[in-house]
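Pasted below: query-v1.pdb, PDB, C-alpha atoms, pLDDT in the B column.
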```
MODEL        1
ATOM      1  CA  MET A1092      13.129 -25.263   7.099  1.00 47.00           C
ATOM      2  CA  ILE A1093      11.583 -24.555  10.488  1.00 55.00           C
ATOM      3  CA  LEU A1094      10.219 -21.073  10.873  1.00 63.00           C
ATOM      4  CA  SER A1095       9.935 -19.278  14.175  1.00 83.00           C
ATOM      5  CA  GLN A1096       6.649 -17.884  15.376  1.00 84.00           C
ATOM      6  CA  ASP A1097       7.798 -14.287  14.794  1.00 83.00           C
ATOM      7  CA  LYS A1098       8.797 -15.131  11.244  1.00 86.00           C
ATOM      8  CA  ASN A1099       5.447 -16.812  10.597  1.00 87.00           C
ATOM      9  CA  ILE A1100       3.610 -13.773  11.904  1.00 88.00           C
ATOM     10  CA  LYS A1101       5.689 -11.445   9.722  1.00 88.00           C
ATOM     11  CA  LEU A1102       4.982 -13.630   6.696  1.00 88.00           C
ATOM     12  CA  VAL A1103       1.270 -13.421   7.471  1.00 88.00           C
ATOM     13  CA  ILE A1104       1.524  -9.627   7.771  1.00 89.00           C
ATOM     14  CA  HIS A1105       3.135  -9.394   4.325  1.00 88.00           C
ATOM     15  CA  ALA A1106       0.511 -11.754   2.899  1.00 90.00           C
ATOM     16  CA  ILE A1107      -2.272  -9.645   4.434  1.00 88.00           C
ATOM     17  CA  THR A1108      -0.716  -6.564   2.841  1.00 86.00           C
ATOM     18  CA  LEU A1109      -0.684  -8.278  -0.537  1.00 86.00           C
ATOM     19  CA  LEU A1110      -4.277  -9.487  -0.144  1.00 86.00           C
ATOM     20  CA  SER A1111      -5.335  -6.053   1.037  1.00 84.00           C
ATOM     21  CA  PHE A1112      -4.236  -4.516  -2.228  1.00 81.00           C
ATOM     22  CA  LEU A1113      -5.996  -7.241  -4.148  1.00 81.00           C
ATOM     23  CA  ALA A1114      -9.184  -6.338  -2.260  1.00 82.00           C
ATOM     24  CA  PHE A1115      -8.451  -2.662  -2.859  1.00 76.00           C
ATOM     25  CA  PHE A1116      -8.184  -3.016  -6.622  1.00 75.00           C
ATOM     26  CA  LEU A1117     -11.077  -5.455  -6.932  1.00 78.00           C
ATOM     27  CA  PHE A1118     -13.567  -4.014  -4.454  1.00 78.00           C
ATOM     28  CA  GLY A1119     -12.340  -0.473  -3.779  1.00 71.00           C
ATOM     29  CA  ASN A1120     -11.797  -0.824  -0.049  1.00 73.00           C
ATOM     30  CA  THR A1121      -8.626  -1.367   1.884  1.00 72.00           C
ATOM     31  CA  LEU A1122      -7.904  -3.538   4.884  1.00 78.00           C
ATOM     32  CA  PHE A1123      -5.259  -1.392   6.567  1.00 77.00           C
ATOM     33  CA  PHE A1124      -7.104  -1.771   9.875  1.00 84.00           C
ATOM     34  CA  ILE A1125      -6.091  -5.455  10.133  1.00 86.00           C
ATOM     35  CA  PRO A1126      -2.393  -4.678  10.787  1.00 87.00           C
ATOM     36  CA  LEU A1127      -3.532  -2.032  13.280  1.00 87.00           C
ATOM     37  CA  ILE A1128      -5.575  -4.648  15.153  1.00 89.00           C
ATOM     38  CA  LEU A1129      -2.601  -7.027  15.081  1.00 88.00           C
ATOM     39  CA  TYR A1130      -0.414  -4.178  16.345  1.00 88.00           C
ATOM     40  CA  PHE A1131      -2.334  -4.199  19.620  1.00 91.00           C
ATOM     41  CA  VAL A1132      -2.516  -7.998  19.849  1.00 90.00           C
ATOM     42  CA  PHE A1133       1.192  -8.885  19.677  1.00 88.00           C
ATOM     43  CA  LYS A1134       3.794  -7.812  22.203  1.00 87.00           C
ATOM     44  CA  SER A1135       6.989  -8.266  20.182  1.00 86.00           C
ATOM     45  CA  GLN A1136       8.496  -4.926  19.181  1.00 88.00           C
ATOM     46  CA  SER A1137       9.620  -6.142  15.742  1.00 86.00           C
ATOM     47  CA  ILE A1138       6.131  -7.447  14.956  1.00 88.00           C
ATOM     48  CA  LYS A1139       4.581  -4.187  16.150  1.00 89.00           C
ATOM     49  CA  GLU A1140       6.908  -2.224  13.872  1.00 88.00           C
ATOM     50  CA  MET A1141       6.080  -4.452  10.903  1.00 88.00           C
ATOM     51  CA  ASN A1142       2.344  -4.086  11.556  1.00 89.00           C
ATOM     52  CA  LEU A1143       2.632  -0.321  11.800  1.00 89.00           C
ATOM     53  CA  GLU A1144       4.730  -0.135   8.629  1.00 89.00           C
ATOM     54  CA  SER A1145       2.237  -2.317   6.785  1.00 89.00           C
ATOM     55  CA  ALA A1146      -0.741  -0.234   7.931  1.00 88.00           C
ATOM     56  CA  LEU A1147       0.952   3.049   7.016  1.00 88.00           C
ATOM     57  CA  PHE A1148       2.062   1.677   3.646  1.00 88.00           C
ATOM     58  CA  GLN A1149      -1.467   0.528   2.825  1.00 86.00           C
ATOM     59  CA  PHE A1150      -3.028   3.769   4.034  1.00 87.00           C
ATOM     60  CA  GLY A1151      -0.495   5.845   2.079  1.00 85.00           C
ATOM     61  CA  VAL A1152      -1.242   4.029  -1.165  1.00 83.00           C
ATOM     62  CA  TRP A1153      -4.978   4.316  -0.527  1.00 83.00           C
ATOM     63  CA  LEU A1154      -4.628   8.047   0.142  1.00 86.00           C
ATOM     64  CA  ALA A1155      -2.527   8.602  -2.991  1.00 82.00           C
ATOM     65  CA  VAL A1156      -5.060   6.790  -5.171  1.00 80.00           C
ATOM     66  CA  PHE A1157      -7.984   8.592  -3.539  1.00 83.00           C
ATOM     67  CA  LEU A1158      -6.467  12.051  -3.974  1.00 84.00           C
ATOM     68  CA  TRP A1159      -5.336  11.333  -7.518  1.00 79.00           C
ATOM     69  CA  ASN A1160      -8.770  10.023  -8.480  1.00 77.00           C
ATOM     70  CA  PHE A1161     -10.351  13.095  -6.899  1.00 81.00           C
ATOM     71  CA  VAL A1162      -8.155  15.383  -9.015  1.00 77.00           C
ATOM     72  CA  VAL A1163      -8.735  13.363 -12.192  1.00 73.00           C
ATOM     73  CA  ILE A1164     -12.503  13.138 -11.781  1.00 72.00           C
ATOM     74  CA  ARG A1165     -12.749  16.816 -10.884  1.00 72.00           C
ATOM     75  CA  THR A1166     -10.721  17.770 -13.965  1.00 71.00           C
ATOM     76  CA  ILE A1167     -12.811  15.573 -16.233  1.00 68.00           C
ATOM     77  CA  MET A1168     -16.034  16.984 -14.798  1.00 67.00           C
ATOM     78  CA  LEU A1169     -14.803  20.546 -15.292  1.00 67.00           C
ATOM     79  CA  SER A1170     -13.810  19.763 -18.858  1.00 65.00           C
ATOM     80  CA  LEU A1171     -17.233  18.209 -19.451  1.00 63.00           C
ATOM     81  CA  LEU A1172     -18.801  21.354 -18.077  1.00 62.00           C
ATOM     82  CA  HIS A1173     -16.923  23.435 -20.627  1.00 63.00           C
ATOM     83  CA  ILE A1174     -17.432  20.867 -23.415  1.00 57.00           C
ATOM     84  CA  ASP A1175     -13.716  20.729 -24.058  1.00 54.00           C
ATOM     85  CA  LEU A1176     -12.968  17.012 -24.264  1.00 53.00           C
ATOM     86  CA  SER A1177     -10.153  17.203 -26.756  1.00 56.00           C
ATOM     87  CA  THR A1178      -6.695  17.296 -25.239  1.00 57.00           C
ATOM     88  CA  ASN A1179      -7.091  18.245 -21.596  1.00 59.00           C
ATOM     89  CA  SER A1180      -9.138  15.313 -20.403  1.00 60.00           C
ATOM     90  CA  LEU A1181      -7.262  12.846 -22.598  1.00 66.00           C
ATOM     91  CA  PHE A1182      -4.017  14.062 -21.082  1.00 65.00           C
ATOM     92  CA  VAL A1183      -5.461  13.642 -17.599  1.00 63.00           C
ATOM     93  CA  ILE A1184      -6.815  10.184 -18.362  1.00 67.00           C
ATOM     94  CA  PHE A1185      -3.587   8.970 -19.954  1.00 71.00           C
ATOM     95  CA  GLY A1186      -1.562  10.817 -17.341  1.00 68.00           C
ATOM     96  CA  THR A1187      -2.964   8.485 -14.716  1.00 71.00           C
ATOM     97  CA  ILE A1188      -1.571   5.379 -16.375  1.00 77.00           C
ATOM     98  CA  PRO A1189       2.036   5.925 -15.165  1.00 80.00           C
ATOM     99  CA  LEU A1190       0.877   6.592 -11.609  1.00 77.00           C
ATOM    100  CA  TYR A1191      -1.257   3.479 -11.500  1.00 79.00           C
ATOM    101  CA  THR A1192       1.536   1.405 -13.056  1.00 84.00           C
ATOM    102  CA  ILE A1193       4.002   2.581 -10.415  1.00 84.00           C
ATOM    103  CA  LEU A1194       1.525   2.036  -7.580  1.00 80.00           C
ATOM    104  CA  LEU A1195       0.578  -1.396  -8.858  1.00 82.00           C
ATOM    105  CA  ALA A1196       4.233  -2.417  -9.052  1.00 85.00           C
ATOM    106  CA  ALA A1197       4.855  -1.072  -5.541  1.00 83.00           C
ATOM    107  CA  VAL A1198       1.888  -2.798  -3.952  1.00 83.00           C
ATOM    108  CA  ILE A1199       2.661  -6.147  -5.551  1.00 86.00           C
ATOM    109  CA  LEU A1200       6.444  -6.161  -5.384  1.00 88.00           C
ATOM    110  CA  GLY A1201       6.687  -4.628  -1.892  1.00 86.00           C
ATOM    111  CA  PRO A1202       4.906  -7.400   0.023  1.00 89.00           C
ATOM    112  CA  LEU A1203       6.408 -10.104  -2.226  1.00 91.00           C
ATOM    113  CA  LYS A1204       9.871  -8.747  -1.500  1.00 91.00           C
ATOM    114  CA  GLY A1205       8.988  -8.744   2.202  1.00 90.00           C
ATOM    115  CA  ILE A1206       7.926 -12.384   2.039  1.00 91.00           C
ATOM    116  CA  LEU A1207      11.122 -13.378   0.226  1.00 92.00           C
ATOM    117  CA  TYR A1208      13.307 -11.407   2.643  1.00 91.00           C
ATOM    118  CA  GLU A1209      11.634 -13.032   5.648  1.00 89.00           C
ATOM    119  CA  LEU A1210      12.204 -16.485   4.170  1.00 90.00           C
ATOM    120  CA  GLN A1211      15.889 -15.612   3.647  1.00 91.00           C
ATOM    121  CA  ASN A1212      16.278 -14.237   7.212  1.00 88.00           C
ATOM    122  CA  LYS A1213      16.887 -10.714   5.946  1.00 90.00           C
ATOM    123  CA  GLU A1214      15.517  -7.531   7.441  1.00 87.00           C
ATOM    124  CA  PHE A1215      12.760  -5.877   5.394  1.00 87.00           C
ATOM    125  CA  HIS A1216      11.113  -2.492   5.785  1.00 86.00           C
ATOM    126  CA  TYR A1217       8.457  -0.947   3.596  1.00 85.00           C
ATOM    127  CA  PRO A1218       9.693   2.024   1.566  1.00 80.00           C
ATOM    128  CA  ILE A1219       9.186   5.560   2.868  1.00 80.00           C
ATOM    129  CA  VAL A1220       6.972   4.636   5.845  1.00 82.00           C
ATOM    130  CA  SER A1221       9.723   2.712   7.642  1.00 78.00           C
ATOM    131  CA  ARG A1222      11.505   6.016   8.252  1.00 79.00           C
ATOM    132  CA  TRP A1223       8.359   7.379   9.894  1.00 80.00           C
ATOM    133  CA  VAL A1224       7.999   4.349  12.145  1.00 77.00           C
ATOM    134  CA  HIS A1225      11.655   4.321  13.192  1.00 72.00           C
ATOM    135  CA  ARG A1226      11.696   8.079  13.743  1.00 70.00           C
ATOM    136  CA  THR A1227       9.030   7.738  16.448  1.00 61.00           C
ATOM    137  CA  LYS A1228      11.101   5.256  18.482  1.00 57.00           C
TER
ENDMDL
END
```
Starting from the coordinates I provided, produce the structure as structure tokens.
Amino acid sequence: MILSQDKNIKLVIHAITLLSFLAFFLFGNTLFFIPLILYFVFKSQSIKEMNLESALFQFGVWLAVFLWNFVVIRTIMLSLLHIDLSTNSLFVIFGTIPLYTILLAAVILGPLKGILYELQNKEFHYPIVSRWVHRTK
């Protein structure tokens, strides 16, 4: 199987997205700036769209986790202030588990699905953010 240069670049973009989330969960920082740098390097419109989708997808997940953690930590701190650790903070702590499970599935399965679709010559767009990218065209 001989892959074209565009396909190789798209595979690398999906792999960078997957590695970015690995760095995000291990080290707490995201690498969404790498697809933005690649956006300005390449001239192909399809590669630019994929880079922009990848950057927006990574930034959106980072923002969701940041805001959710801000709400959770603020709620726990307020409950500690009132010395009411019984049900409220436990609900908040265990309420985060479904969100993190969904986000973890999205950030792992999204780029993997993109890699598989590129290898099968199918079109792939990241969920939600692809509408934003294609709306600006």
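Summary of the local environment: counting all atoms listed in the file, residues at most 6 Å from range 1136-1153 of chain A, other than itself and those fewer than 5 positions away along its chain, are A:Phe1123, A:Pro1126, A:Tyr1130, A:Val1220, A:Ser1221.
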Name every residue that the PyMOL selection byres ((chain A and resi 1192-1199) around 9) selects in this structure, writing the answer as a list of chain:residue names with chains first and numbers rising.
A:Thr1108, A:Leu1109, A:Phe1112, A:Leu1113, A:Phe1148, A:Gln1149, A:Val1152, A:Ala1155, A:Val1156, A:Thr1187, A:Ile1188, A:Pro1189, A:Leu1190, A:Tyr1191, A:Leu1200, A:Gly1201, A:Pro1202, A:Leu1203, A:Lys1204
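The two atoms in question, CA of Ile1100 in chain A and CA of Val1224 in chain A, are spaced 18.6 Å apart.
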Find the spatial neighbours of Lys1101 in chain A, counting all atoms listed in the file, within a cut-off of 8 Å - ignore same-chain residues fewer than 2 positions away - and output them as a PDB file with C-alpha atoms, in the frame of the given file.
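Result went into out_34.pdb, see below:
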```pdb
ATOM      1  CA  ASP A1097       7.798 -14.287  14.794  1.00 83.00           C
ATOM      2  CA  LYS A1098       8.797 -15.131  11.244  1.00 86.00           C
ATOM      3  CA  ASN A1099       5.447 -16.812  10.597  1.00 87.00           C
ATOM      4  CA  VAL A1103       1.270 -13.421   7.471  1.00 88.00           C
ATOM      5  CA  ILE A1104       1.524  -9.627   7.771  1.00 89.00           C
ATOM      6  CA  HIS A1105       3.135  -9.394   4.325  1.00 88.00           C
ATOM      7  CA  ILE A1138       6.131  -7.447  14.956  1.00 88.00           C
ATOM      8  CA  MET A1141       6.080  -4.452  10.903  1.00 88.00           C
ATOM      9  CA  GLU A1209      11.634 -13.032   5.648  1.00 89.00           C
TER      10      GLU A1209
END
```
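Atom pair CA of Leu1110 in chain A / CA of Tyr1217 in chain A has a distance of 15.8 Å (rounded to one decimal).
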